[in-house]
Each structure stands twice: as C-alpha cells, then as structure tokens.
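Dropping model_6.pdb in here (PDB, C-alpha atoms, pLDDT in the B column):
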ATOM      1  CA  MET G   1     -39.222  16.271  14.827  1.00 49.00           C
ATOM      2  CA  PRO G   2     -38.212  13.615  12.273  1.00 52.00           C
ATOM      3  CA  SER G   3     -34.624  12.444  12.398  1.00 51.00           C
ATOM      4  CA  SER G   4     -32.299  13.176   9.518  1.00 53.00           C
ATOM      5  CA  PRO G   5     -31.449  10.377   7.033  1.00 51.00           C
ATOM      6  CA  ARG G   6     -27.836  10.489   8.212  1.00 52.00           C
ATOM      7  CA  LEU G   7     -28.770   9.934  11.851  1.00 48.00           C
ATOM      8  CA  ALA G   8     -31.244   7.212  10.908  1.00 47.00           C
ATOM      9  CA  ALA G   9     -28.616   5.406   8.859  1.00 45.00           C
ATOM     10  CA  LYS G  10     -26.184   5.662  11.738  1.00 47.00           C
ATOM     11  CA  ARG G  11     -28.694   4.111  14.137  1.00 47.00           C
ATOM     12  CA  ARG G  12     -29.363   1.239  11.715  1.00 49.00           C
ATOM     13  CA  ARG G  13     -25.687   0.330  11.435  1.00 44.00           C
ATOM     14  CA  PRO G  14     -25.149  -3.026  13.181  1.00 48.00           C
ATOM     15  CA  ARG G  15     -22.911  -3.064  16.230  1.00 54.00           C
ATOM     16  CA  TYR G  16     -20.506  -5.864  17.004  1.00 55.00           C
ATOM     17  CA  ALA G  17     -19.507  -6.750  20.544  1.00 66.00           C
ATOM     18  CA  GLY G  18     -15.774  -7.079  21.088  1.00 82.00           C
ATOM     19  CA  LEU G  19     -14.202 -10.168  22.603  1.00 91.00           C
ATOM     20  CA  LEU G  20     -13.714 -10.811  26.294  1.00 93.00           C
ATOM     21  CA  GLU G  21     -10.940 -13.286  27.071  1.00 93.00           C
ATOM     22  CA  ASP G  22     -12.909 -15.813  29.139  1.00 94.00           C
ATOM     23  CA  ASN G  23     -15.864 -15.821  26.745  1.00 93.00           C
ATOM     24  CA  ALA G  24     -13.534 -16.033  23.748  1.00 95.00           C
ATOM     25  CA  LEU G  25     -11.663 -19.073  25.098  1.00 96.00           C
ATOM     26  CA  GLU G  26     -14.929 -20.785  25.974  1.00 95.00           C
ATOM     27  CA  LYS G  27     -16.258 -20.196  22.463  1.00 95.00           C
ATOM     28  CA  LEU G  28     -13.050 -21.507  20.882  1.00 96.00           C
ATOM     29  CA  GLN G  29     -13.438 -24.744  22.813  1.00 95.00           C
ATOM     30  CA  LYS G  30     -17.095 -25.070  21.823  1.00 95.00           C
ATOM     31  CA  ILE G  31     -16.525 -24.394  18.103  1.00 95.00           C
ATOM     32  CA  SER G  32     -13.431 -26.623  18.018  1.00 95.00           C
ATOM     33  CA  SER G  33     -15.453 -29.539  19.389  1.00 94.00           C
ATOM     34  CA  LEU G  34     -18.311 -28.830  16.962  1.00 94.00           C
ATOM     35  CA  ILE G  35     -16.058 -28.790  13.880  1.00 94.00           C
ATOM     36  CA  ASP G  36     -14.267 -31.904  15.104  1.00 93.00           C
ATOM     37  CA  LEU G  37     -17.581 -33.767  15.429  1.00 93.00           C
ATOM     38  CA  ARG G  38     -18.846 -32.500  12.059  1.00 91.00           C
ATOM     39  CA  GLY G  39     -15.580 -33.163  10.271  1.00 92.00           C
ATOM     40  CA  TYR G  40     -15.735 -30.209   7.885  1.00 92.00           C
ATOM     41  CA  LEU G  41     -16.622 -26.525   7.539  1.00 92.00           C
ATOM     42  CA  LYS G  42     -19.974 -25.383   6.248  1.00 91.00           C
ATOM     43  CA  THR G  43     -19.903 -23.566   2.913  1.00 90.00           C
ATOM     44  CA  ASP G  44     -20.255 -20.107   4.445  1.00 90.00           C
ATOM     45  CA  GLU G  45     -17.582 -20.865   7.062  1.00 92.00           C
ATOM     46  CA  ALA G  46     -15.213 -22.168   4.376  1.00 91.00           C
ATOM     47  CA  ARG G  47     -15.734 -19.000   2.332  1.00 91.00           C
ATOM     48  CA  LYS G  48     -14.824 -16.772   5.283  1.00 93.00           C
ATOM     49  CA  VAL G  49     -11.774 -18.889   6.091  1.00 94.00           C
ATOM     50  CA  SER G  50     -10.655 -18.744   2.459  1.00 91.00           C
ATOM     51  CA  GLU G  51     -11.002 -14.947   2.491  1.00 92.00           C
ATOM     52  CA  ALA G  52      -8.984 -14.775   5.724  1.00 92.00           C
ATOM     53  CA  PHE G  53      -6.106 -16.818   4.281  1.00 92.00           C
ATOM     54  CA  THR G  54      -6.145 -14.626   1.180  1.00 90.00           C
ATOM     55  CA  LEU G  55      -5.823 -11.622   3.481  1.00 89.00           C
ATOM     56  CA  LEU G  56      -2.926 -13.262   5.323  1.00 88.00           C
ATOM     57  CA  SER G  57      -1.034 -13.799   2.084  1.00 83.00           C
ATOM     58  CA  ALA G  58      -1.609 -10.231   0.879  1.00 79.00           C
ATOM     59  CA  HIS G  59       0.851  -7.430   1.506  1.00 70.00           C
ATOM     60  CA  SER G  60      -0.949  -4.373   2.826  1.00 66.00           C
ATOM     61  CA  GLU G  61       0.461  -0.938   3.475  1.00 67.00           C
ATOM     62  CA  GLN G  62      -2.403  -0.179   5.847  1.00 71.00           C
ATOM     63  CA  SER G  63      -2.682  -1.701   9.288  1.00 72.00           C
ATOM     64  CA  ASP G  64      -5.591  -4.109   9.753  1.00 87.00           C
ATOM     65  CA  SER G  65      -6.310  -5.340  13.285  1.00 93.00           C
ATOM     66  CA  PHE G  66      -8.036  -8.510  12.030  1.00 93.00           C
ATOM     67  CA  GLN G  67      -5.060  -9.427   9.841  1.00 93.00           C
ATOM     68  CA  GLU G  68      -2.592  -8.661  12.639  1.00 94.00           C
ATOM     69  CA  PHE G  69      -4.556 -10.799  15.095  1.00 96.00           C
ATOM     70  CA  LEU G  70      -4.551 -13.819  12.781  1.00 95.00           C
ATOM     71  CA  ILE G  71      -0.848 -13.409  11.970  1.00 94.00           C
ATOM     72  CA  LYS G  72       0.012 -13.399  15.676  1.00 96.00           C
ATOM     73  CA  VAL G  73      -2.137 -16.479  16.307  1.00 96.00           C
ATOM     74  CA  ARG G  74      -0.448 -18.328  13.427  1.00 95.00           C
ATOM     75  CA  ASP G  75       3.115 -17.272  14.176  1.00 95.00           C
ATOM     76  CA  LEU G  76       2.920 -17.912  17.920  1.00 96.00           C
ATOM     77  CA  SER G  77       1.346 -21.352  17.441  1.00 95.00           C
ATOM     78  CA  GLY G  78       3.660 -22.781  14.797  1.00 91.00           C
ATOM     79  CA  PRO G  79       2.875 -23.555  11.128  1.00 81.00           C
ATOM     80  CA  LYS G  80       0.683 -26.659  11.516  1.00 85.00           C
ATOM     81  CA  GLN G  81      -1.362 -25.746  14.572  1.00 95.00           C
ATOM     82  CA  GLY G  82      -1.134 -22.055  13.692  1.00 95.00           C
ATOM     83  CA  ASN G  83      -3.144 -22.529  10.490  1.00 95.00           C
ATOM     84  CA  ALA G  84      -5.638 -24.679  12.383  1.00 96.00           C
ATOM     85  CA  LEU G  85      -6.140 -21.959  14.983  1.00 97.00           C
ATOM     86  CA  VAL G  86      -6.547 -19.311  12.282  1.00 96.00           C
ATOM     87  CA  VAL G  87      -9.434 -21.391  10.918  1.00 96.00           C
ATOM     88  CA  LEU G  88     -10.897 -21.713  14.399  1.00 97.00           C
ATOM     89  CA  CYS G  89     -10.650 -17.986  15.203  1.00 97.00           C
ATOM     90  CA  VAL G  90     -12.268 -16.972  11.908  1.00 96.00           C
ATOM     91  CA  VAL G  91     -15.210 -19.334  12.433  1.00 96.00           C
ATOM     92  CA  ALA G  92     -15.615 -18.693  16.163  1.00 95.00           C
ATOM     93  CA  PHE G  93     -15.092 -14.917  16.245  1.00 95.00           C
ATOM     94  CA  GLY G  94     -15.284 -13.380  12.783  1.00 92.00           C
ATOM     95  CA  LYS G  95     -13.482 -10.302  11.582  1.00 92.00           C
ATOM     96  CA  TYR G  96     -15.939  -7.722  12.916  1.00 92.00           C
ATOM     97  CA  ALA G  97     -15.825  -8.991  16.496  1.00 93.00           C
ATOM     98  CA  ILE G  98     -12.019  -9.099  16.418  1.00 95.00           C
ATOM     99  CA  ARG G  99     -11.789  -5.572  15.043  1.00 92.00           C
ATOM    100  CA  SER G 100     -14.213  -4.363  17.739  1.00 93.00           C
ATOM    101  CA  THR G 101     -12.172  -5.878  20.579  1.00 94.00           C
ATOM    102  CA  ARG G 102     -10.287  -3.617  22.985  1.00 94.00           C
ATOM    103  CA  GLU G 103      -6.652  -3.288  21.958  1.00 94.00           C
ATOM    104  CA  ILE G 104      -5.197  -4.765  25.147  1.00 95.00           C
ATOM    105  CA  ILE G 105      -7.286  -7.936  24.725  1.00 95.00           C
ATOM    106  CA  ARG G 106      -6.695  -8.129  20.977  1.00 95.00           C
ATOM    107  CA  LEU G 107      -2.932  -7.977  21.505  1.00 95.00           C
ATOM    108  CA  SER G 108      -2.722 -10.452  24.396  1.00 96.00           C
ATOM    109  CA  LEU G 109      -5.322 -13.031  23.333  1.00 97.00           C
ATOM    110  CA  PRO G 110      -3.230 -14.600  20.506  1.00 97.00           C
ATOM    111  CA  ARG G 111      -0.514 -15.612  22.988  1.00 96.00           C
ATOM    112  CA  THR G 112      -3.105 -17.076  25.340  1.00 97.00           C
ATOM    113  CA  ILE G 113      -4.592 -19.050  22.456  1.00 97.00           C
ATOM    114  CA  ALA G 114      -1.123 -20.247  21.399  1.00 96.00           C
ATOM    115  CA  ASN G 115      -0.362 -21.387  24.948  1.00 96.00           C
ATOM    116  CA  MET G 116      -3.570 -23.468  24.848  1.00 96.00           C
ATOM    117  CA  LYS G 117      -3.127 -24.743  21.271  1.00 95.00           C
ATOM    118  CA  GLU G 118      -3.111 -28.397  22.328  1.00 94.00           C
ATOM    119  CA  LYS G 119      -6.572 -27.892  23.781  1.00 94.00           C
ATOM    120  CA  PHE G 120      -8.063 -26.127  20.756  1.00 95.00           C
ATOM    121  CA  SER G 121      -6.305 -27.641  17.741  1.00 93.00           C
ATOM    122  CA  THR G 122      -7.608 -30.939  16.349  1.00 93.00           C
ATOM    123  CA  THR G 123      -6.624 -33.180  13.455  1.00 93.00           C
ATOM    124  CA  VAL G 124      -9.710 -32.022  11.542  1.00 93.00           C
ATOM    125  CA  LEU G 125      -8.790 -28.344  11.984  1.00 96.00           C
ATOM    126  CA  GLU G 126      -5.163 -29.020  11.050  1.00 94.00           C
ATOM    127  CA  LYS G 127      -6.190 -30.673   7.777  1.00 93.00           C
ATOM    128  CA  ILE G 128      -8.571 -27.813   6.969  1.00 94.00           C
ATOM    129  CA  GLY G 129      -5.918 -25.242   7.841  1.00 93.00           C
ATOM    130  CA  GLU G 130      -3.342 -26.958   5.659  1.00 92.00           C
ATOM    131  CA  LYS G 131      -5.683 -27.028   2.651  1.00 91.00           C
ATOM    132  CA  HIS G 132      -6.685 -23.391   2.996  1.00 90.00           C
ATOM    133  CA  SER G 133      -3.110 -22.238   3.556  1.00 88.00           C
ATOM    134  CA  LYS G 134      -2.241 -23.769   0.179  1.00 84.00           C
ATOM    135  CA  GLY G 135      -5.343 -22.306  -1.474  1.00 74.00           C
ATOM    136  CA  LEU G 136      -6.681 -25.769  -2.287  1.00 54.00           C
ATOM    137  CA  SER G 137     -10.118 -25.587  -0.730  1.00 48.00           C
ATOM    138  CA  GLN G 138     -13.110 -23.318  -1.175  1.00 46.00           C
ATOM    139  CA  SER G 139     -15.501 -25.641   0.642  1.00 48.00           C
ATOM    140  CA  ASP G 140     -14.726 -28.485   3.012  1.00 50.00           C
ATOM    141  CA  ALA G 141     -18.222 -29.961   3.105  1.00 49.00           C
ATOM    142  CA  PRO G 142     -18.464 -33.412   1.517  1.00 51.00           C
ATOM    143  CA  LYS G 143     -20.301 -33.354  -1.807  1.00 48.00           C
ATOM    144  CA  PRO G 144     -22.679 -36.092  -2.991  1.00 45.00           C
ATOM    145  CA  PRO G 145     -21.660 -37.948  -6.163  1.00 42.00           C
ATOM    146  CA  GLN G 146     -22.066 -35.836  -9.311  1.00 40.00           C
ATOM    147  CA  ALA G 147     -23.332 -32.885  -7.257  1.00 39.00           C
ATOM    148  CA  GLU G 148     -21.228 -30.441  -9.254  1.00 40.00           C
ATOM    149  CA  GLN G 149     -22.377 -31.635 -12.680  1.00 41.00           C
ATOM    150  CA  ASN G 150     -26.010 -32.609 -12.287  1.00 44.00           C
ATOM    151  CA  TRP G 151     -29.266 -31.041 -11.184  1.00 42.00           C
ATOM    152  CA  PRO G 152     -31.984 -33.205  -9.573  1.00 44.00           C
ATOM    153  CA  SER G 153     -35.190 -33.358 -11.591  1.00 42.00           C
ATOM    154  CA  ALA G 154     -38.690 -33.325 -10.154  1.00 42.00           C
ATOM    155  CA  SER G 155     -38.691 -37.138 -10.110  1.00 44.00           C
ATOM    156  CA  GLY G 156     -35.572 -37.174  -7.946  1.00 46.00           C
ATOM    157  CA  SER G 157     -33.274 -38.508 -10.671  1.00 45.00           C
ATOM    158  CA  PHE G 158     -30.310 -36.543 -11.934  1.00 43.00           C
ATOM    159  CA  ALA G 159     -30.435 -34.824 -15.272  1.00 40.00           C
ATOM    160  CA  PRO G 160     -27.247 -35.151 -17.356  1.00 41.00           C
ATOM    161  CA  ARG G 161     -26.520 -31.415 -17.261  1.00 44.00           C
ATOM    162  CA  VAL G 162     -27.786 -28.149 -15.822  1.00 41.00           C
ATOM    163  CA  PRO G 163     -30.234 -26.438 -18.200  1.00 43.00           C
ATOM    164  CA  GLY G 164     -28.734 -23.213 -19.477  1.00 43.00           C
ATOM    165  CA  ASN G 165     -31.944 -21.247 -18.919  1.00 41.00           C
ATOM    166  CA  LEU G 166     -31.637 -21.786 -15.138  1.00 40.00           C
ATOM    167  CA  TYR G 167     -28.511 -19.681 -14.908  1.00 40.00           C
ATOM    168  CA  HIS G 168     -29.004 -16.132 -13.731  1.00 41.00           C
ATOM    169  CA  PRO G 169     -27.660 -13.581 -16.234  1.00 39.00           C
ATOM    170  CA  VAL G 170     -25.883 -11.611 -13.509  1.00 39.00           C
ATOM    171  CA  LEU G 171     -25.148 -13.884 -10.585  1.00 41.00           C
ATOM    172  CA  THR G 172     -22.618 -16.679 -10.964  1.00 43.00           C
ATOM    173  CA  PRO G 173     -23.788 -19.792  -9.112  1.00 46.00           C
ATOM    174  CA  SER G 174     -21.409 -21.596  -6.795  1.00 49.00           C
ATOM    175  CA  PRO G 175     -20.254 -25.087  -7.831  1.00 50.00           C
ATOM    176  CA  GLY G 176     -22.975 -27.668  -7.393  1.00 52.00           C
ATOM    177  CA  SER G 177     -25.854 -25.198  -7.417  1.00 56.00           C
ATOM    178  CA  VAL G 178     -28.063 -23.163  -9.731  1.00 60.00           C
ATOM    179  CA  PRO G 179     -29.986 -19.977  -8.880  1.00 65.00           C
ATOM    180  CA  LEU G 180     -33.764 -19.838  -8.772  1.00 71.00           C
ATOM    181  CA  ASP G 181     -35.484 -16.570  -9.605  1.00 72.00           C
ATOM    182  CA  PHE G 182     -38.801 -15.899  -7.873  1.00 73.00           C
ATOM    183  CA  GLN G 183     -40.939 -13.057  -6.536  1.00 78.00           C
ATOM    184  CA  VAL G 184     -41.362 -12.047  -2.915  1.00 75.00           C
ATOM    185  CA  LYS G 185     -45.005 -13.134  -3.042  1.00 79.00           C
ATOM    186  CA  ASP G 186     -43.870 -16.684  -3.902  1.00 77.00           C
ATOM    187  CA  LEU G 187     -41.845 -16.842  -0.695  1.00 76.00           C
ATOM    188  CA  MET G 188     -44.654 -15.286   1.345  1.00 77.00           C
ATOM    189  CA  ASN G 189     -47.231 -17.690  -0.058  1.00 78.00           C
ATOM    190  CA  PHE G 190     -44.950 -20.632   0.645  1.00 77.00           C
ATOM    191  CA  LEU G 191     -44.367 -19.566   4.258  1.00 74.00           C
ATOM    192  CA  HIS G 192     -48.086 -18.928   4.706  1.00 73.00           C
ATOM    193  CA  GLU G 193     -48.907 -22.439   3.503  1.00 73.00           C
ATOM    194  CA  TYR G 194     -45.920 -24.196   5.078  1.00 68.00           C
ATOM    195  CA  GLN G 195     -45.946 -22.509   8.478  1.00 68.00           C
ATOM    196  CA  GLY G 196     -49.478 -21.176   8.802  1.00 66.00           C
ATOM    197  CA  PRO G 197     -50.359 -17.505   9.453  1.00 65.00           C
ATOM    198  CA  GLU G 198     -50.319 -17.890  13.258  1.00 66.00           C
ATOM    199  CA  LYS G 199     -46.975 -19.688  13.455  1.00 69.00           C
ATOM    200  CA  HIS G 200     -44.533 -17.917  15.812  1.00 72.00           C
ATOM    201  CA  LEU G 201     -41.008 -17.559  14.439  1.00 75.00           C
ATOM    202  CA  GLN G 202     -37.862 -16.198  16.042  1.00 76.00           C
ATOM    203  CA  MET G 203     -34.824 -14.480  14.615  1.00 76.00           C
ATOM    204  CA  ASP G 204     -31.398 -15.278  16.047  1.00 77.00           C
ATOM    205  CA  CYS G 205     -29.055 -12.274  15.926  1.00 75.00           C
ATOM    206  CA  PRO G 206     -25.497 -13.391  16.885  1.00 72.00           C
ATOM    207  CA  VAL G 207     -23.348 -10.771  18.587  1.00 63.00           C
ATOM    208  CA  LEU G 208     -20.065 -12.643  18.047  1.00 61.00           C
ATOM    209  CA  GLY G 209     -18.585 -14.087  14.893  1.00 58.00           C
ATOM    210  CA  ASP G 210     -19.628 -13.692  11.284  1.00 59.00           C
ATOM    211  CA  THR G 211     -22.713 -15.871  11.534  1.00 67.00           C
ATOM    212  CA  LEU G 212     -25.602 -14.107   9.817  1.00 74.00           C
ATOM    213  CA  PRO G 213     -28.933 -13.389  11.543  1.00 77.00           C
ATOM    214  CA  SER G 214     -31.324 -16.248  10.804  1.00 78.00           C
ATOM    215  CA  ILE G 215     -35.024 -17.027  11.029  1.00 78.00           C
ATOM    216  CA  TYR G 216     -35.472 -20.724  11.748  1.00 72.00           C
ATOM    217  CA  LEU G 217     -38.432 -22.349  10.012  1.00 70.00           C
ATOM    218  CA  SER G 218     -37.693 -25.702  11.643  1.00 65.00           C
ATOM    219  CA  ARG G 219     -34.954 -26.311  14.178  1.00 57.00           C
ATOM    220  CA  GLU G 220     -35.474 -30.055  13.824  1.00 56.00           C
ATOM    221  CA  THR G 221     -34.280 -29.941  10.217  1.00 54.00           C
ATOM    222  CA  ASP G 222     -32.102 -26.800  10.590  1.00 59.00           C
ATOM    223  CA  ALA G 223     -34.240 -25.079   7.930  1.00 69.00           C
ATOM    224  CA  LYS G 224     -33.641 -21.336   8.097  1.00 75.00           C
ATOM    225  CA  ILE G 225     -33.605 -18.084   6.159  1.00 79.00           C
ATOM    226  CA  GLU G 226     -30.448 -15.984   6.557  1.00 78.00           C
ATOM    227  CA  PHE G 227     -30.529 -12.181   6.540  1.00 76.00           C
ATOM    228  CA  SER G 228     -27.705  -9.752   5.946  1.00 74.00           C
ATOM    229  CA  GLN G 229     -26.878  -7.558   8.942  1.00 71.00           C
ATOM    230  CA  THR G 230     -28.381  -4.530   7.207  1.00 75.00           C
ATOM    231  CA  LEU G 231     -31.573  -6.324   6.194  1.00 76.00           C
ATOM    232  CA  ALA G 232     -31.928  -7.849   9.671  1.00 74.00           C
ATOM    233  CA  ALA G 233     -31.681  -4.400  11.284  1.00 77.00           C
ATOM    234  CA  ALA G 234     -34.327  -3.058   8.897  1.00 78.00           C
ATOM    235  CA  PHE G 235     -36.591  -6.052   9.579  1.00 78.00           C
ATOM    236  CA  VAL G 236     -36.306  -5.638  13.358  1.00 78.00           C
ATOM    237  CA  GLN G 237     -37.218  -1.959  13.019  1.00 81.00           C
ATOM    238  CA  TYR G 238     -40.179  -2.886  10.809  1.00 80.00           C
ATOM    239  CA  VAL G 239     -41.488  -5.467  13.306  1.00 79.00           C
ATOM    240  CA  MET G 240     -41.088  -3.144  16.288  1.00 79.00           C
ATOM    241  CA  LYS G 241     -42.766  -0.263  14.436  1.00 79.00           C
ATOM    242  CA  HIS G 242     -45.839  -2.332  13.528  1.00 75.00           C
ATOM    243  CA  ARG G 243     -46.128  -3.739  17.045  1.00 73.00           C
ATOM    244  CA  GLN G 244     -46.629  -0.213  18.315  1.00 68.00           C
ATOM    245  CA  HIS G 245     -49.720   0.302  16.129  1.00 60.00           C
TER     246      HIS G 245
END

Now that the file is in, can you turn its structure into structure tokens?
Amino acid sequence: MPSSPRLAAKRRRPRYAGLLEDNALEKLQKISSLIDLRGYLKTDEARKVSEAFTLLSAHSEQSDSFQEFLIKVRDLSGPKQGNALVVLCVVAFGKYAIRSTREIIRLSLPRTIANMKEKFSTTVLEKIGEKHSKGLSQSDAPKPPQAEQNWPSASGSFAPRVPGNLYHPVLTPSPGSVPLDFQVKDLMNFLHEYQGPEKHLQMDCPVLGDTLPSIYLSRETDAKIEFSQTLAAAFVQYVMKHRQH
C-alpha cells in the first residue's frame, strides 16, 4: 500500500542529533583550533554568525532555545570572550543541533563552556566576535585585490567592471561574485568528463552543526558540491531506490 504524501514528507524531513556534553566540548576545541589556524571564517560560516548576532540583538516575545543558549554563553563568559564563544558555538554546533539538545544539557552547557573559556577563546575568535557584535562584518575571509569590483576574463586578467548581462534578474549576487546560469545537463556533462563515469564519489552528511551535506569532487583541492538538507535527503532516497533495481 503506497504511503500518503504527508507520511512521505515526514520521513524525508532531516533529523538533527542533539548535543552531548563531552562530544560538544571536544568539537569546540577542534573548531577553535581550526579557526585559529585559518585566521578567518568561511563565507557560509560568517553568514550564519551574522544571522546569530542579529538574532541576539532582536527582541522576541517568543522563547527560542537557540537564542537563549547563545545569550547564556555570552553573558556567563563576559563581553569580549562571550562574543568569541558565541561565534564558536554557532560554527561548531549550529542552531538546529542546539535546538534538538535535551533541555538539561542545553541549560547547563553554557556554564561549562564559560568555565572553560580560556581554553576555547582565541585572539582570532575575539576579533571576529567583536566585529560581528558591532555589525561590521558579513564575511571574514580575506579578499584578493579588486575582488569586489572586477571579474576575471578568460585570459586571467581582470576586466574593469562586471558585465551587466551576467547578473541574474532575480538573484542578487554576493559581493565579489556574479551568478552563472546553466542547465543541469551542463553540470552532468562536466562531471562525466572531469570525473569519468566510473568515478566513485561520496556524500558527507554532518549530524552536528549547520554544515551542509557535500559531495567532494576532489579532497586534495577541497572541490565540492553542497546540497541543501532537503535536496540531500531526496538524493539519498533516489540513490538507494535505484540500487534496489
């Protein structure tokens, strides 16, 4: 008997694992060290951090467990290190994992993090936290010279301006980028030529944080295609269905 659309949609909804204290503290240490070595946030990380600080500054009549968690982390850790640890928690955990965490852990973990702030907070995180708390930064990644004004031509040189016909009529490109419209077959043909039809790929589906599911084309160069949670769930179902035939 075929399942109803409502039940099918419910099964496709992605699930997020809540935090466990030991695993959470270990991940904070790992991500803190990674950001410290890198020196900045990636564009997607910076966007999520910016959204989190916007949420912190907003007055809401409704209770939000993610907002409450970040407020406790910030207030218990002090203004300078508190903002740094807000950045770290957003990048390491993400809002969905925090909201899915058992209440007793979600309420006690901010104090544990604050008590270990000297271990987790770094100068890099403090600078990032300060910028985002003042609303000064949308992206912390260093930009190459003229990246926001110019578009590289086929020869590798920079054109003086971005051609107007490259802008999508609906989507607004982020600073330093222009959208490229193409068909699905273009992507498929590229992958077929670039990877070969027998190339084995693997999708990473993180269970913690806001990191999107990704298919790595080359781990050596960190080349990957990111999927939304919904699209990733549909793709997994598609692959499993066709393996059964």

I'd like the neighbourhood of G:Phe66 as a list in words, where a residue qualifies if any of its atoms comes within 6 Å (using all atoms listed in the file), though same-chain residues fewer than 3 positions away should be ignored.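 Within the cut-off, the hits are Phe69, Lys95, Ile98 and Arg99 of chain G.
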
Quick one: distance from atom CA of G:Leu70 to atom CA of G:Thr123 in Å, one decimal? 19.5 Å

Residues within 9 Å of G:Ser77, all atoms listed in the file, excluding chain neighbours under 6 positions, as an NGL selection string: :G and (83 or 85 or 110-111 or 113-115 or 117)

Selection: 10 Å around G:Gln29, only C-alpha atoms, excl. self and same-chain fewer than 2 positions, as a PDB file with C-alpha atoms, in the coordinates of the input:
ATOM      1  CA  ALA G  24     -13.534 -16.033  23.748  1.00 95.00           C
ATOM      2  CA  LEU G  25     -11.663 -19.073  25.098  1.00 96.00           C
ATOM      3  CA  GLU G  26     -14.929 -20.785  25.974  1.00 95.00           C
ATOM      4  CA  LYS G  27     -16.258 -20.196  22.463  1.00 95.00           C
ATOM      5  CA  ILE G  31     -16.525 -24.394  18.103  1.00 95.00           C
ATOM      6  CA  SER G  32     -13.431 -26.623  18.018  1.00 95.00           C
ATOM      7  CA  SER G  33     -15.453 -29.539  19.389  1.00 94.00           C
ATOM      8  CA  LEU G  34     -18.311 -28.830  16.962  1.00 94.00           C
ATOM      9  CA  LEU G  88     -10.897 -21.713  14.399  1.00 97.00           C
ATOM     10  CA  ALA G  92     -15.615 -18.693  16.163  1.00 95.00           C
ATOM     11  CA  LYS G 119      -6.572 -27.892  23.781  1.00 94.00           C
ATOM     12  CA  PHE G 120      -8.063 -26.127  20.756  1.00 95.00           C
ATOM     13  CA  SER G 121      -6.305 -27.641  17.741  1.00 93.00           C
TER      14      SER G 121
END

Identify the residues within 8 Å of coordinate (-39.6, -19.3, 16.9) (same frame as the file), considering only C-alpha atoms, and give the answer as a ChimeraX atom specification. /G:200-203,215-217

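Atom pair atom CA of G:Ala52 / atom CA of G:Lys224: separated by 25.6 Å.
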
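Put simply, atom CA of G:Glu21 is 18.6 Å away from atom CA of G:Gln67.
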
Using all atoms listed in the file for the distances, tell me which of G:Asp22, G:Asp44, G:Asp36, G:Asp186 is nearest to G:Glu226.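 Checking each candidate against G:Glu226, we get G:Asp44 as the closest.
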
Name the residues captured by the PyMOL selection byres ((chain G and resi 133) around 12) when it is applied to the shown file; answer as a short mmCIF file (atom, residue, chain, number, x, y, z; two decimals) with C-alpha atoms, in the frame of the given file.
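Wrote it out as expr03.cif, contents follow:
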data_model
loop_
_atom_site.label_atom_id
_atom_site.label_comp_id
_atom_site.auth_asym_id
_atom_site.auth_seq_id
_atom_site.Cartn_x
_atom_site.Cartn_y
_atom_site.Cartn_z
CA VAL G 49 -11.77 -18.89 6.09
CA SER G 50 -10.66 -18.74 2.46
CA GLU G 51 -11.00 -14.95 2.49
CA ALA G 52 -8.98 -14.78 5.72
CA PHE G 53 -6.11 -16.82 4.28
CA THR G 54 -6.14 -14.63 1.18
CA LEU G 55 -5.82 -11.62 3.48
CA LEU G 56 -2.93 -13.26 5.32
CA SER G 57 -1.03 -13.80 2.08
CA ARG G 74 -0.45 -18.33 13.43
CA PRO G 79 2.88 -23.56 11.13
CA LYS G 80 0.68 -26.66 11.52
CA GLN G 81 -1.36 -25.75 14.57
CA GLY G 82 -1.13 -22.06 13.69
CA ASN G 83 -3.14 -22.53 10.49
CA ALA G 84 -5.64 -24.68 12.38
CA LEU G 85 -6.14 -21.96 14.98
CA VAL G 86 -6.55 -19.31 12.28
CA VAL G 87 -9.43 -21.39 10.92
CA LEU G 125 -8.79 -28.34 11.98
CA GLU G 126 -5.16 -29.02 11.05
CA LYS G 127 -6.19 -30.67 7.78
CA ILE G 128 -8.57 -27.81 6.97
CA GLY G 129 -5.92 -25.24 7.84
CA GLU G 130 -3.34 -26.96 5.66
CA LYS G 131 -5.68 -27.03 2.65
CA HIS G 132 -6.68 -23.39 3.00
CA LYS G 134 -2.24 -23.77 0.18
CA GLY G 135 -5.34 -22.31 -1.47
CA LEU G 136 -6.68 -25.77 -2.29
CA SER G 137 -10.12 -25.59 -0.73
CA GLN G 138 -13.11 -23.32 -1.18
#
